[in-house]
Amino acid sequence: MVARAARLADDELFPTAAAIDVADAMPSSRLDLLAGAGLYGVAGPRWAGGSELDLPALCGVVEALAGGDLATAFVWVQHHGAVRVLSGEQAPPALRDAELGPLCRGEQRAGLALPGLHPGPSSLTATASGDGWALDGTAPWVTGWGLVDLVLVAARTQDDTVVWSLVEAVERPGLTAERLVLAAANASVTVELRFAGVPVAADRVVMVTPYDPTAWTSGGDLRLNGSLALGVAGRCCRLLGGGPIDDELEACRAALDTASPRDMPAARAAASGFAVKA
């Protein structure tokens with residue numbers, strides 16, 4: 001799968017990456033290429049059509065795609081958060097069976113809105129409403145709006161539990177999106193989502209978990225996202241034709257691979273700084 005992602009990045013993504021990066025929005029056909037290559041299921045279970053890749057292999061795929069086109073990789077990488085949460089034991093079997101196969105095949109595509117996990121007070125709250133929930137507040141950073149079908153939302157209750165739900169990625173009364181303009185990867189269509197009493201039916205709740213302020217830096221997700229920076233830097237190294245900068249790339253990768261949860265944010269920052277330098 002890593003080799004397949006690398007070929008796709010070289011042959012299809014990189015030749016037009018510069019034009020995509022400055023576009024107002026990438027065409028959905030960009031993501032169709034990844035779905036056609038089976039890359040939407042890399043984190044999913046085999047029974048649902050996934051590949052069950054471990055973290056090192058997932059990092060390799062992310063790095064390869066980011067080296068082809070950061071904007072495309074940035075939208076695509078969000079999808080796997082929903083796949084992994086739906087694959088977990090706490091997900092209701094009916095919801096898992098209905099959604100996981102289409103997600104692994106790329107027929108349905110997902111984004112993330114996770115303010116309920118952030119340290120400190122949550123900007124997005126969940127309040128019990130009937131047999132479901134109502135969502136109020138903001139999700140300040142949601143990528144792929146207009147390119148994804150679902151958003152995995154994590155909102156927090158007053159008693160510090162986190163309600164995880166699948167919300168349709170469509171503006172409607174109570175749910176609005178404000179476009180953010182990015183310095184890079186602007187074609188990812190990143191928005192701030194605003195919720196005003198958005199209802200979530202009980203059968204769209206993936207799980208309800210205790211709020212853990214340390215989960216945000218637990219390591220796995222931060223390590224995976226660090227591969228975005230490594231991919232951009234790696235492409236730069238290839239274009240430069242080799243040299244001492246290659247050793248810096250390897251050092252950044254090793255630091256990410258060996259970082260403890262406490263050290264992972266600093267390793268991420270170092271990788272991003274190196275990508276700018278490269």
# chains A, B, ... in the order shown; residues from 1 in each chain; ligands from 1
$ residues_around --residues "Leu224 of chain A" --least-positions-apart "5" --cutoff "8 Å" --atoms "only C-alpha atoms" --output "ChimeraX atom specification"
/A:55,58-59,62
$ residues_around --residues "Thr138 of chain A" --least-positions-apart "6" --cutoff "9 Å" --atoms "only C-alpha atoms" --output "ChimeraX atom specification"
/A:115,122-125,192-196
$ closest_residue --among "A:Asp212, A:Asp159, A:Gly234, A:Leu228" --to "Phe74 of chain A" --atoms "only C-alpha atoms"
A:Leu228
$ select_by_dssp --residues "segment 31-278 of chain A" --states "alpha helix (DSSP H)" --output "PyMOL selection string"
chain A and resi 31-36+55-66+70-87+93-105+220-240+244-258+264-277
$ atom_distance --atom1 "atom CA of Val206 of chain A" --atom2 "atom CA of Ala139 of chain A"
18.1 Å
$ closest_residue --among "A:Asp32, A:Glu168, A:Glu99, A:Asp24" --to "Thr190 of chain A" --atoms "only C-alpha atoms"
A:Asp24
$ closest_residue --among "A:Leu180, A:Trp164, A:Val22, A:Ala169" --to "Ala91 of chain A" --atoms "only C-alpha atoms"
A:Trp164
$ closest_residue --among "A:Gly41, A:Gly130, A:Thr143, A:Val162" --to "Glu107 of chain A" --atoms "only C-alpha atoms"
A:Gly41
$ residues_around --residues "Leu150 of chain A" --least-positions-apart "4" --cutoff "8 Å" --atoms "only C-alpha atoms" --output "MDAnalysis selection string"
chainID A and resid 108:111 166:169
$ residues_around --residues "Ala73 of chain A" --least-positions-apart "4" --cutoff "12 Å" --atoms "only C-alpha atoms" --output "VMD selection string"
chain A and resid 5 8 to 9 13 to 14 17 20 to 21 26 30 to 31 33 to 34 39 to 40 59 61 to 69 77 to 80 143 to 144 185 187 to 188 224 to 225 227 to 229 231 to 232
$ residues_around --residues "Gly120 of chain A" --least-positions-apart "6" --cutoff "12 Å" --atoms "only C-alpha atoms" --output "PyMOL selection string"
chain A and resi 156+160+211-214+216
$ atom_distance --atom1 "atom CA of Arg204 of chain A" --atom2 "atom CA of Pro102 of chain A"
15.7 Å
$ closest_residue --among "A:Ala259, A:Leu95, A:Val2, A:Leu86" --to "Leu152 of chain A" --atoms "only C-alpha atoms"
A:Leu86
$ closest_residue --among "A:Ala183, A:Ala37, A:Val153, A:Ala278" --to "Ala82 of chain A" --atoms "only C-alpha atoms"
A:Val153
$ atom_distance --atom1 "atom CA of Ala113 of chain A" --atom2 "atom CA of Leu222 of chain A"
15.5 Å
$ select_by_dssp --residues "segment 104-139 of chain A" --states "strand (DSSP E or B)" --output "list in words"
Ala110, Gly111, Leu112, Ala113, Leu124, Thr125, Ala126, Thr127, Ala128, Ser129, Gly132, Trp133, Ala134, Leu135, Asp136, Gly137, Thr138 and Ala139 of chain A
